[in-house]
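Chemist: Below you'll find the structure I mean.
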Amino acid sequence: MSHDSTAAPEAAARKLSGRRRKEIVAVLLFSGGPIFESSIPLSVFGIDRQDAGVPRYRLLVCGGEDGPLRTTGGLELTAPHGLEAISRAGTVVVPAWRSITSPPPDEALDALRRAHEEGARIVGLCTGAFVLAAAGLLDGRPATTHWMYAPTLAKRYPSVHVDPRELFVDDGDVLTSAGTAAGIDLCLHIVRTDHGNEAAGALARRLVVPPRRSGGQERYLDRSLPEEIGADPLAEVVAWALEHLHEQFDVETLAARAYMSRRTFDRRFRSLTGSAPLQWLITQRVLQAQRLLETSDYSVDEVAGRCGFRSPVALRGHFRRQLGSSPAAYRAAYRARRPQGERPQDTEAAPGGPGSGMSGHPGHPGQPGQQPASLHPEHPVPLQSRRTAAASAVGSSPALSASASAAPDNGRDAYVPSRASLPGQRSAT
């Protein structure tokens with residue numbers, strides 16, 4: 001799924017300055033950027049496909065720093081234009097940034113700010129969102145990035161409303177996408193916005209990709225906490241929670257173990273991880289259920305009890321919301337795709353223990369070790385659905401248990417710090 005916004009009238013009303021042209025797309029490349037992400041806007045906007053009914057863009061490839069620019073596999077690229085060419089573009093795309101821990105060049109950030117001030121549409125693909133955030137262009141806005149980096153983006157730039165569930169987010173004049181293939185989704189969305197569904201569909205056929213993908217990043221999420229948490233005192237509480245998922249406890253219990261009030265714990269947890277503790281706990285329970293469905297012969301009722309849910313109804317509700325299927329359907333699909341002869345593993349293992357496949361994060365004391373082979377990132381069955389980003393609505397229901405029944409999914413509207421939802425957002429699908 002994707003989101004676009006109609007809540008930014010100022011952005012919608014702003015016009016391009018006289019020297020900028022709507023049909024000109026500038027792609028800003030940096031040394032160290034991955035070649036796949038870098039090539040996506042070049043392929044979409046840089047090839048003449050007018051014979052297929054796709055209106056032509058004029059592409060300017062700009063170096064964000066002195067070249068040659070090194071990329072994947074040791075390749076070296078030379079950009080034909082420098083930062084000055086951005087001044088002509090109606091759209092500026094930052095396809096990736098080489099490191100989420102290092103600041104982008106000041107000159108490039110200044111060029112992006114000027115482009116935005118002059119009415120240009122600014123696009124960040126994958127880790128390109130970090131460049132937009134460093135330029136201040138995401139302050140107070142919804143945004144997304146690769147799920148793996150979403151907690152870091154939320155923590156480093158707390159004024160950005162990070163939502164790692166979406167494939168892309170369109171906030172009018174600033175757009176961001178998730179990793180790799182989601183960059184194609186966003187570029188197709190831009191063509192659709194500029195020239196309509198027919199042009200976007202024709203381009204999708206040429207690229208041999210769906211014109212619109214349903215769903216979001218949720219089925220690919222694998223971790224919901226940044227690595228830095230290993231050095232934080234809350235790591236002990238997180239480790240305890242992961243080891244005791246088979247028990248029925250709620251966020252109040254975790255707050256007490258951290259010797260904090262519920263409100264302080266919520267705020268501290270969100271500032272550290274970018275995630276609401278209630279939603280984090282629910283998704284950990286769903287993940288544990290997912291693993292037991294894959295590796296054991298327990299009934300759905302038994303799985304619910306071994307994952308801390310108060311009832312099978314609660315498990316089914318949260319499981320369906322996060323993975324889009326029932327536990328029984330998920331197990332059937334998993335077994336249909338599993339290599340013939342492979343057997344469920346160790347059905348007698350205690351939930352949360354080594355036999356359950358419960359995995360931890362590096363640096364978390366007392367957590368089990370590696371994930372089972374069935375949870376390899378390239379396994380054909382989706383790993384899990386973890387929603388990890390800023391949240392605010394968690395504190396509104398302090399009595400709500402993380403293992404509560406399948407009540408309306410508060411987490412869906414609880415990702416934005418300081419507000420419960422994003423006014424004016426609507427699904428682009």
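So you can find residues: chains in the structure tokens are A, B, ... in the order shown, residues in each start at 1, and ligands are numbered from 1 in order.
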Write out as a PyMOL selection string each polymer residue whose atoms come within 10 Å of Ser17 in chain A, counting only C-alpha atoms; drop sequence neighbours fewer than 2 positions from it.

Modeler: chain A and resi 14-15+19-21+87-90+115+117-120

Chemist: Could you please write out, as a list in words, every residue of range 144-178 of chain A that DSSP assigns to alpha helix (DSSP H)?

Modeler: Ala150, Pro151, Thr152, Leu153, Ala154, Lys155 and Arg156 of chain A

Chemist: Counting only C-alpha atoms, which of A:Ala200, A:Leu234, A:Ala241, A:Leu125 gets nearest to Asp266 in chain A?

Modeler: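 Of A:Ala200, A:Leu234, A:Ala241, A:Leu125, the one nearest Asp266 in chain A is A:Leu234, counting only C-alpha atoms.
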
Chemist: In Å, how far is it from CA of Ala289 in chain A to CA of Val238 in chain A?

Modeler: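 About the pair CA of Ala289 in chain A and CA of Val238 in chain A: they are 18.0 Å apart.
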
Chemist: Please list as a PyMOL selection string every residue within 7 Å of Ala178 in chain A, counting only C-alpha atoms and excluding residues in the same chain fewer than 6 positions away.

Modeler: chain A and resi 125-126+144-147+167-168

Chemist: Where does DSSP see strand (DSSP E or B) in range 22-154 of chain A, if you list the residues as a PyMOL selection string?

Modeler: chain A and resi 22-29+58-63+69-70+76-77+81+89-94+121-125+142-143
